[in-house]
>>> print(open('data-v4.txt').read())   # compact mmCIF, C-alpha atoms and all ligand atoms
# COMPACT_ATOMS: atom_id res chain seq x y z
CA MET V 1 -21.66 32.90 20.31
CA GLY V 2 -21.78 30.54 17.30
CA PRO V 3 -19.06 27.97 16.71
CA LEU V 4 -15.71 29.25 15.54
CA TRP V 5 -14.74 28.57 11.93
CA LYS V 6 -12.17 26.12 13.27
CA ASP V 7 -14.90 24.06 14.95
CA ILE V 8 -16.93 24.04 11.75
CA LEU V 9 -13.93 22.80 9.76
CA ILE V 10 -13.25 20.08 12.34
CA SER V 11 -16.88 18.97 12.19
CA LEU V 12 -16.57 18.58 8.41
CA CYS V 13 -13.51 16.31 8.64
CA PRO V 14 -14.01 12.62 7.84
CA ASP V 15 -14.20 10.55 11.05
CA ASP V 16 -10.76 9.06 10.71
CA PHE V 17 -8.94 12.25 9.65
CA LEU V 18 -8.18 13.53 13.13
CA SER V 19 -7.50 10.14 14.67
CA PRO V 20 -6.24 7.89 11.86
CA PRO V 21 -5.86 4.15 12.40
CA PRO V 22 -2.53 2.93 13.76
CA ILE V 23 -0.16 1.22 11.35
CA LEU V 24 -0.97 -2.27 12.63
CA GLY V 25 -1.60 -2.05 16.37
CA ASP V 26 -5.34 -2.57 16.05
CA LEU V 27 -4.96 -5.81 14.08
CA ALA V 28 -3.95 -7.92 17.07
CA VAL V 29 -4.63 -7.79 20.79
CA PRO V 30 -1.88 -6.83 23.27
CA GLY V 31 0.32 -9.82 24.02
CA GLY V 32 0.01 -11.03 20.44
CA MET V 33 2.68 -11.43 17.80
CA VAL V 34 3.19 -10.10 14.31
CA VAL V 35 5.71 -11.50 11.84
CA LEU V 36 7.28 -9.04 9.42
CA VAL V 37 8.81 -10.43 6.23
CA ALA V 38 11.36 -7.82 5.23
CA PRO V 39 13.83 -8.77 2.49
CA GLN V 40 17.17 -6.99 2.85
CA ASP V 41 18.03 -7.04 -0.86
CA LYS V 42 20.26 -4.78 -2.94
CA GLN V 43 17.63 -2.04 -2.85
CA ALA V 44 17.72 -1.97 0.95
CA PRO V 45 19.91 0.72 2.52
CA LYS V 46 23.05 -0.57 4.21
CA GLY V 47 22.96 -0.99 7.97
CA ARG V 48 19.36 -0.01 8.67
CA LEU V 49 15.75 -0.88 8.04
CA ILE V 50 13.65 1.21 5.68
CA LEU V 51 11.14 3.55 7.30
CA PRO V 52 7.96 1.44 6.78
CA GLN V 53 9.63 -1.55 8.46
CA ALA V 54 10.99 0.51 11.36
CA GLN V 55 7.65 2.27 11.88
CA ALA V 56 5.72 -1.03 11.79
CA ILE V 57 8.01 -2.50 14.47
CA ARG V 58 7.63 0.61 16.60
CA ASP V 59 3.83 0.51 16.22
CA ALA V 60 3.78 -3.14 17.26
CA LEU V 61 5.83 -2.34 20.38
CA ASP V 62 3.61 0.65 21.20
CA HIS V 63 0.57 -1.66 21.13
CA GLY V 64 2.04 -4.40 23.31
CA LEU V 65 2.78 -6.77 20.43
CA ALA V 66 5.88 -8.84 19.79
CA ALA V 67 7.36 -8.27 16.33
CA LEU V 68 9.44 -11.01 14.75
CA THR V 69 11.26 -9.72 11.66
CA VAL V 70 12.69 -12.15 9.14
CA GLN V 71 13.82 -12.27 5.55
CA LEU V 72 11.78 -14.38 3.13
CA THR V 73 14.48 -17.05 3.10
CA ASP V 74 14.07 -17.55 6.87
CA TYR V 75 10.29 -17.17 7.02
CA ALA V 76 9.19 -20.81 6.75
CA ALA V 77 11.71 -21.92 9.40
CA ALA V 78 10.65 -19.10 11.74
CA LEU V 79 6.96 -20.01 11.35
CA ALA V 80 7.73 -23.64 12.10
CA LYS V 81 9.43 -22.66 15.37
CA LEU V 82 6.41 -20.76 16.68
CA VAL V 83 4.25 -22.59 19.22
CA HIS V 84 1.19 -20.57 18.11
CA PRO V 85 0.57 -19.09 14.67
CA PRO V 86 1.16 -15.32 14.51
CA ASP V 87 -1.78 -12.92 14.75
CA LEU V 88 -0.69 -11.15 11.59
CA VAL V 89 1.97 -11.45 8.90
CA VAL V 90 3.12 -8.34 7.05
CA CYS V 91 5.39 -8.65 4.05
CA ASP V 92 7.15 -6.47 1.53
CA SER V 93 4.94 -6.22 -1.58
CA GLN V 94 7.77 -7.59 -3.72
CA VAL V 95 7.55 -10.97 -1.99
CA VAL V 96 3.77 -11.08 -1.51
CA GLU V 97 3.19 -14.06 -3.79
CA ALA V 98 5.86 -16.21 -2.09
CA THR V 99 4.81 -15.10 1.39
CA ALA V 100 1.16 -15.90 0.67
CA ALA V 101 2.16 -19.37 -0.52
CA LEU V 102 4.06 -20.03 2.74
CA THR V 103 1.45 -18.57 5.10
CA PRO V 104 -1.35 -20.81 6.42
CA ALA V 105 -4.74 -19.67 5.07
CA THR V 106 -5.99 -19.08 8.62
CA VAL V 107 -3.27 -16.49 9.37
CA PRO V 108 -4.12 -12.89 8.38
CA LEU V 109 -1.64 -11.54 5.83
CA THR V 110 -1.08 -8.08 4.40
CA THR V 111 1.74 -5.88 3.10
CA PHE V 112 3.60 -2.87 4.48
CA SER V 113 2.35 -0.74 1.61
CA ILE V 114 -1.28 -1.64 2.33
CA LEU V 115 -0.85 -0.82 6.03
CA PHE V 116 0.45 2.60 5.04
CA ALA V 117 -2.31 3.13 2.47
CA ARG V 118 -4.72 2.76 5.37
CA ALA V 119 -2.78 4.81 7.93
CA LYS V 120 -1.83 7.66 5.59
CA GLY V 121 -4.48 7.59 2.89
CA ASP V 122 -7.68 5.85 1.86
CA LEU V 123 -7.36 2.07 1.58
CA VAL V 124 -10.97 1.56 0.52
CA ASP V 125 -10.45 3.88 -2.44
CA ALA V 126 -7.14 2.20 -3.28
CA ALA V 127 -8.84 -1.22 -3.27
CA ARG V 128 -11.57 0.05 -5.59
CA GLY V 129 -9.00 1.71 -7.85
CA ALA V 130 -7.01 -1.51 -8.26
CA GLN V 131 -9.82 -2.93 -10.39
CA VAL V 132 -8.97 -0.40 -13.10
CA ILE V 133 -5.91 -2.58 -13.81
CA GLU V 134 -8.32 -5.12 -15.32
CA THR V 135 -9.44 -2.56 -17.90
CA LEU V 136 -5.99 -1.28 -18.95
CA LYS V 137 -4.93 -1.75 -22.55
CA PRO V 138 -1.50 -1.44 -24.14
CA GLY V 139 -0.73 2.21 -24.77
CA ASP V 140 -2.81 3.52 -21.85
CA ARG V 141 -1.18 6.21 -19.71
CA VAL V 142 -0.42 5.23 -16.15
CA LEU V 143 1.23 7.35 -13.48
CA ILE V 144 3.49 6.00 -10.78
CA SER V 145 3.65 8.49 -7.94
CA GLU V 146 6.35 8.12 -5.29
CA SER V 147 6.11 10.38 -2.30
CA CYS V 148 9.83 10.79 -1.76
CA SER V 149 12.69 11.34 -4.16
CA HIS V 150 14.83 8.41 -2.99
CA HIS V 151 17.77 7.36 -5.14
CA ALA V 152 16.43 4.70 -7.53
CA MET V 153 18.47 1.50 -7.42
CA GLU V 154 18.71 -1.24 -10.02
CA ASP V 155 15.39 -3.12 -10.19
CA ASP V 156 13.63 -0.26 -8.39
CA ILE V 157 10.09 -1.25 -7.51
CA GLY V 158 8.35 1.88 -8.85
CA ARG V 159 10.47 2.47 -11.93
CA VAL V 160 11.29 -1.08 -13.00
CA LYS V 161 9.37 -3.89 -11.31
CA LEU V 162 5.88 -2.37 -11.18
CA PRO V 163 5.92 -1.25 -14.85
CA ARG V 164 7.24 -4.70 -15.80
CA TRP V 165 4.49 -6.54 -13.89
CA LEU V 166 1.83 -4.19 -15.34
CA THR V 167 3.11 -4.70 -18.89
CA LYS V 168 3.06 -8.46 -18.48
CA TYR V 169 -0.45 -8.42 -17.02
CA VAL V 170 -1.87 -6.08 -19.66
CA GLY V 171 -0.12 -7.92 -22.48
CA GLY V 172 1.70 -4.93 -23.98
CA GLU V 173 3.59 -1.73 -23.20
CA LEU V 174 1.81 0.96 -21.22
CA ALA V 175 2.84 4.61 -21.30
CA VAL V 176 4.20 4.79 -17.75
CA ASP V 177 5.34 8.08 -16.20
CA VAL V 178 6.91 8.41 -12.78
CA CYS V 179 6.66 11.48 -10.56
CA SER V 180 8.36 11.74 -7.22
CA GLY V 181 8.48 13.90 -4.15
CA ARG V 182 5.96 16.73 -4.10
CA ASP V 183 5.67 16.92 -7.90
CA PHE V 184 2.17 16.68 -9.25
CA PRO V 185 1.66 16.31 -13.00
CA ALA V 186 -0.04 19.23 -14.76
CA ASN V 187 -1.69 16.69 -17.09
CA ALA V 188 -3.03 14.42 -14.31
CA ALA V 189 -6.37 13.98 -16.09
CA ASP V 190 -4.58 12.19 -18.97
CA TYR V 191 -3.88 9.12 -16.84
CA ARG V 192 -6.17 6.09 -16.66
CA LEU V 193 -4.75 5.16 -13.27
CA ALA V 194 -2.35 6.54 -10.67
CA LEU V 195 -0.40 4.10 -8.49
CA LEU V 196 0.84 5.66 -5.26
CA CYS V 197 3.50 4.36 -2.89
CA GLY V 198 2.63 3.93 0.79
CA GLY V 199 3.75 7.48 1.53
CA CYS V 200 5.70 6.62 4.68
CA MET V 201 7.53 9.95 4.46
CA LEU V 202 4.31 11.99 4.20
CA SER V 203 1.89 13.10 6.87
CA ARG V 204 -1.67 11.85 6.55
CA ARG V 205 -2.75 15.41 5.70
CA GLU V 206 -0.28 15.57 2.81
CA MET V 207 -1.36 12.19 1.43
CA LEU V 208 -5.07 13.02 1.68
CA SER V 209 -4.46 16.30 -0.10
CA ARG V 210 -2.63 14.42 -2.87
CA LEU V 211 -5.50 11.95 -3.20
CA GLN V 212 -7.94 14.85 -3.39
CA LYS V 213 -6.01 16.33 -6.32
CA PHE V 214 -6.33 13.05 -8.24
CA ARG V 215 -10.03 12.89 -7.38
CA ARG V 216 -10.55 16.40 -8.73
CA ALA V 217 -8.75 15.38 -11.93
CA GLY V 218 -11.07 12.35 -12.21
CA VAL V 219 -8.20 9.85 -12.03
CA PRO V 220 -8.70 6.57 -10.15
CA VAL V 221 -5.97 5.91 -7.61
CA THR V 222 -4.57 2.75 -6.14
CA ASN V 223 -1.62 1.82 -3.99
CA TYR V 224 1.55 -0.16 -4.80
CA GLY V 225 0.73 -2.94 -2.35
CA VAL V 226 -2.86 -3.41 -3.53
CA ALA V 227 -1.81 -3.25 -7.20
CA ILE V 228 1.13 -5.64 -6.85
CA SER V 229 -1.04 -8.09 -4.93
CA ALA V 230 -3.74 -7.86 -7.63
CA LEU V 231 -1.12 -8.44 -10.34
CA HIS V 232 -0.03 -11.59 -8.49
CA GLY V 233 -3.54 -12.88 -7.81
CA VAL V 234 -3.48 -12.41 -4.01
CA ALA V 235 -5.33 -9.11 -3.56
CA GLU V 236 -8.28 -10.64 -1.73
CA ARG V 237 -5.94 -12.46 0.61
CA VAL V 238 -4.03 -9.34 1.66
CA LEU V 239 -7.16 -7.18 1.90
CA SER V 240 -8.92 -9.72 4.13
CA PRO V 241 -7.81 -8.02 7.39
CA PHE V 242 -9.70 -4.90 6.17
CA PRO V 243 -13.34 -5.87 5.46
CA ALA V 244 -14.40 -2.49 4.00
CA ALA V 245 -11.47 -2.48 1.56
CA LEU V 246 -12.09 -6.10 0.61
CA ALA V 247 -15.76 -5.32 -0.06
CA ALA V 248 -14.77 -2.32 -2.21
CA TYR V 249 -12.34 -4.49 -4.19
CA ARG V 250 -15.01 -7.13 -4.75
CA GLU V 251 -17.61 -4.50 -5.70
CA GLY V 252 -15.22 -3.12 -8.29
CA LYS V 253 -14.73 -6.62 -9.63
CA GLY V 254 -18.49 -7.11 -9.92
CA ALA V 255 -18.85 -3.77 -11.67
CA LEU V 256 -16.32 -4.82 -14.30
CA CYS V 257 -17.74 -8.27 -14.86
CA PRO V 258 -21.50 -8.68 -14.61
CA LEU V 259 -21.08 -12.48 -14.68
CA SER V 260 -18.77 -12.64 -11.69
S1 LIG P 301 7.63 7.73 0.73
FE1 LIG P 301 7.00 6.13 -0.70
S2 LIG P 301 8.76 5.79 -2.09
FE2 LIG P 301 9.49 6.91 -0.27
S3 LIG P 301 10.23 5.28 1.10
FE3 LIG P 301 8.10 5.76 1.71
S4 LIG P 301 6.87 4.29 0.59
FE4 LIG P 301 8.89 4.28 -0.40
>>> encode(input="data-v4.txt", output="structure tokens")
Amino acid sequence: MGPLWKDILISLCPDDFLSPPPILGDLAVPGGMVVLVAPQDKQAPKGRLILPQAQAIRDALDHGLAALTVQLTDYAAALAKLVHPPDLVVCDSQVVEATAALTPATVPLTTFSILFARAKGDLVDAARGAQVIETLKPGDRVLISESCSHHAMEDDIGRVKLPRWLTKYVGGELAVDVCSGRDFPANAADYRLALLCGGCMLSRREMLSRLQKFRRAGVPVTNYGVAISALHGVAERVLSPFPAALAAYREGKGALCPLS
């Protein structure tokens, strides 16, 4: 009897679809230590960590790693107390520039959002897509896509900070739309770029299906963490733990600038 349709479908899946990478557990060996820089600012919910932080800690524990969690204000002092440098530092995208400045160049650094772009989606594609930022012009349409409909607080990263950083970088106002939850814009093809959150609330299947919709609409996609790091000049630093994504980011750069 020939293979069942289910077996055929499984054989067509990308290699990492059925067994996606862990959040961070493969980036250090058991017995190692990760430092998580997690600001508890006014956007943070009272009395608990946000899901990406909690899931990263759990993943570290599941892989035999120690996880030291600090706010940015305590980061330098915590690093100084360590006998050995950490195997990995993960920070909130909003403090990536400051964290990069405080982290020794020999210590791998990335962001929570980038970890989730890899675990839930396609980090290589997100790294390539970030180069579209270089080509944006004032007036271009950009979509910010958040995978959950959380209550937006003052200075919300998707609705306020990211549009502000993009506007400053591009040198003029962009036409920025925000969609949240399971909404998908009917006019997706109108956007020059879609910036997606890490999707911590989504399953990998849901995120890949979302990415596929953008691909079908011909819209390049990137991720908050990659984009914010690019806007602050530290994209290569935070993509360094992921050689394929770093290569894709550099390829995109070369494609945009034949002299680089
Ligand atoms: S699903 Fe996206 S917007 Fe919602 S908490 Fe997770 S990363 Fe943030």
>>> closest_residue(input="data-v4.txt", among="V:Arg192, V:Gly64, V:Ile57, V:Arg210", to="Ala130 (chain V)", atoms="only C-alpha atoms")
V:Arg192
>>> closest_residue(input="data-v4.txt", among="V:Ala54, V:Ala80, V:Ala244, V:Leu88", to="ligand LIG 301 (chain P)", atoms="all atoms listed in the file")
V:Ala54
>>> closest_residue(input="data-v4.txt", among="V:Gly129, V:Pro138, V:Gly25, V:Gly225", to="ligand LIG 301 (chain P)", atoms="all atoms listed in the file")
V:Gly225
>>> residues_near_point(input="data-v4.txt", point="(1.1, 8.9, -14.3)", cutoff="6 Å", atoms="all atoms listed in the file", output="ChimeraX atom specification")
/V:142-144,177,191,194
>>> residues_around(input="data-v4.txt", residues="Arg216 (chain V)", least_positions_apart="3", cutoff="10 Å", atoms="only C-alpha atoms", output="PDB file with C-alpha atoms, in the frame of the given file")
ATOM      1  CA  ALA V 188      -3.030  14.420 -14.310  1.00  0.00           C
ATOM      2  CA  ALA V 189      -6.370  13.980 -16.090  1.00  0.00           C
ATOM      3  CA  LEU V 211      -5.500  11.950  -3.200  1.00  0.00           C
ATOM      4  CA  GLN V 212      -7.940  14.850  -3.390  1.00  0.00           C
ATOM      5  CA  LYS V 213      -6.010  16.330  -6.320  1.00  0.00           C
ATOM      6  CA  VAL V 219      -8.200   9.850 -12.030  1.00  0.00           C
TER       7      VAL V 219
END
>>> residues_around(input="data-v4.txt", residues="Leu24 (chain V)", least_positions_apart="3", cutoff="9 Å", atoms="all atoms listed in the file", output="VMD selection string")
chain V and resid 21 27 to 28 56 59 to 60 63 88 115 119
>>> atom_distance(input="data-v4.txt", atom1="CA of Pro185 (chain V)", atom2="CA of Glu146 (chain V)")
12.2 Å
>>> residues_near_ligand(input="data-v4.txt", ligand="ligand LIG 301 (chain P)", cutoff="12 Å", atoms="only C-alpha atoms and all ligand atoms", output="mmCIF file with C-alpha atoms, keeping the file's coordinate frame")
data_model
loop_
_atom_site.group_PDB
_atom_site.id
_atom_site.type_symbol
_atom_site.label_atom_id
_atom_site.label_comp_id
_atom_site.auth_asym_id
_atom_site.auth_seq_id
_atom_site.Cartn_x
_atom_site.Cartn_y
_atom_site.Cartn_z
ATOM 1 C CA GLN V 43 17.630 -2.040 -2.850
ATOM 2 C CA ALA V 44 17.720 -1.970 0.950
ATOM 3 C CA PRO V 45 19.910 0.720 2.520
ATOM 4 C CA LEU V 49 15.750 -0.880 8.040
ATOM 5 C CA ILE V 50 13.650 1.210 5.680
ATOM 6 C CA LEU V 51 11.140 3.550 7.300
ATOM 7 C CA PRO V 52 7.960 1.440 6.780
ATOM 8 C CA GLN V 53 9.630 -1.550 8.460
ATOM 9 C CA ALA V 54 10.990 0.510 11.360
ATOM 10 C CA GLN V 55 7.650 2.270 11.880
ATOM 11 C CA ASP V 92 7.150 -6.470 1.530
ATOM 12 C CA SER V 93 4.940 -6.220 -1.580
ATOM 13 C CA THR V 111 1.740 -5.880 3.100
ATOM 14 C CA PHE V 112 3.600 -2.870 4.480
ATOM 15 C CA SER V 113 2.350 -0.740 1.610
ATOM 16 C CA ILE V 114 -1.280 -1.640 2.330
ATOM 17 C CA LEU V 115 -0.850 -0.820 6.030
ATOM 18 C CA PHE V 116 0.450 2.600 5.040
ATOM 19 C CA ALA V 117 -2.310 3.130 2.470
ATOM 20 C CA LYS V 120 -1.830 7.660 5.590
ATOM 21 C CA ILE V 144 3.490 6.000 -10.780
ATOM 22 C CA SER V 145 3.650 8.490 -7.940
ATOM 23 C CA GLU V 146 6.350 8.120 -5.290
ATOM 24 C CA SER V 147 6.110 10.380 -2.300
ATOM 25 C CA CYS V 148 9.830 10.790 -1.760
ATOM 26 C CA SER V 149 12.690 11.340 -4.160
ATOM 27 C CA HIS V 150 14.830 8.410 -2.990
ATOM 28 C CA HIS V 151 17.770 7.360 -5.140
ATOM 29 C CA ALA V 152 16.430 4.700 -7.530
ATOM 30 C CA MET V 153 18.470 1.500 -7.420
ATOM 31 C CA ASP V 156 13.630 -0.260 -8.390
ATOM 32 C CA ILE V 157 10.090 -1.250 -7.510
ATOM 33 C CA GLY V 158 8.350 1.880 -8.850
ATOM 34 C CA ARG V 159 10.470 2.470 -11.930
ATOM 35 C CA VAL V 178 6.910 8.410 -12.780
ATOM 36 C CA CYS V 179 6.660 11.480 -10.560
ATOM 37 C CA SER V 180 8.360 11.740 -7.220
ATOM 38 C CA GLY V 181 8.480 13.900 -4.150
ATOM 39 C CA ARG V 182 5.960 16.730 -4.100
ATOM 40 C CA LEU V 195 -0.400 4.100 -8.490
ATOM 41 C CA LEU V 196 0.840 5.660 -5.260
ATOM 42 C CA CYS V 197 3.500 4.360 -2.890
ATOM 43 C CA GLY V 198 2.630 3.930 0.790
ATOM 44 C CA GLY V 199 3.750 7.480 1.530
ATOM 45 C CA CYS V 200 5.700 6.620 4.680
ATOM 46 C CA MET V 201 7.530 9.950 4.460
ATOM 47 C CA LEU V 202 4.310 11.990 4.200
ATOM 48 C CA SER V 203 1.890 13.100 6.870
ATOM 49 C CA ARG V 204 -1.670 11.850 6.550
ATOM 50 C CA GLU V 206 -0.280 15.570 2.810
ATOM 51 C CA MET V 207 -1.360 12.190 1.430
ATOM 52 C CA ASN V 223 -1.620 1.820 -3.990
ATOM 53 C CA TYR V 224 1.550 -0.160 -4.800
ATOM 54 C CA GLY V 225 0.730 -2.940 -2.350
#
>>> atom_distance(input="data-v4.txt", atom1="CA of Ala235 (chain V)", atom2="CA of Tyr75 (chain V)")
20.5 Å
>>> closest_residue(input="data-v4.txt", among="V:Arg128, V:Lys137, V:Lys168, V:Lys46", to="Thr222 (chain V)", atoms="only C-alpha atoms")
V:Arg128
>>> atom_distance(input="data-v4.txt", atom1="CA of Gly31 (chain V)", atom2="CA of Pro243 (chain V)")
23.4 Å
>>> closest_residue(input="data-v4.txt", among="V:Pro104, V:Pro241, V:Pro22, V:Gly252", to="Pro85 (chain V)", atoms="all atoms listed in the file")
V:Pro104
>>> closest_residue(input="data-v4.txt", among="V:Asp125, V:Glu236, V:Glu251, V:Asp183", to="Arg215 (chain V)", atoms="all atoms listed in the file")
V:Asp125
>>> residues_around(input="data-v4.txt", residues="Ala78 (chain V)", least_positions_apart="6", cutoff="12 Å", atoms="all atoms listed in the file", output="PyMOL selection string")
chain V and resi 34-37+68-72+84-86+89+102-103
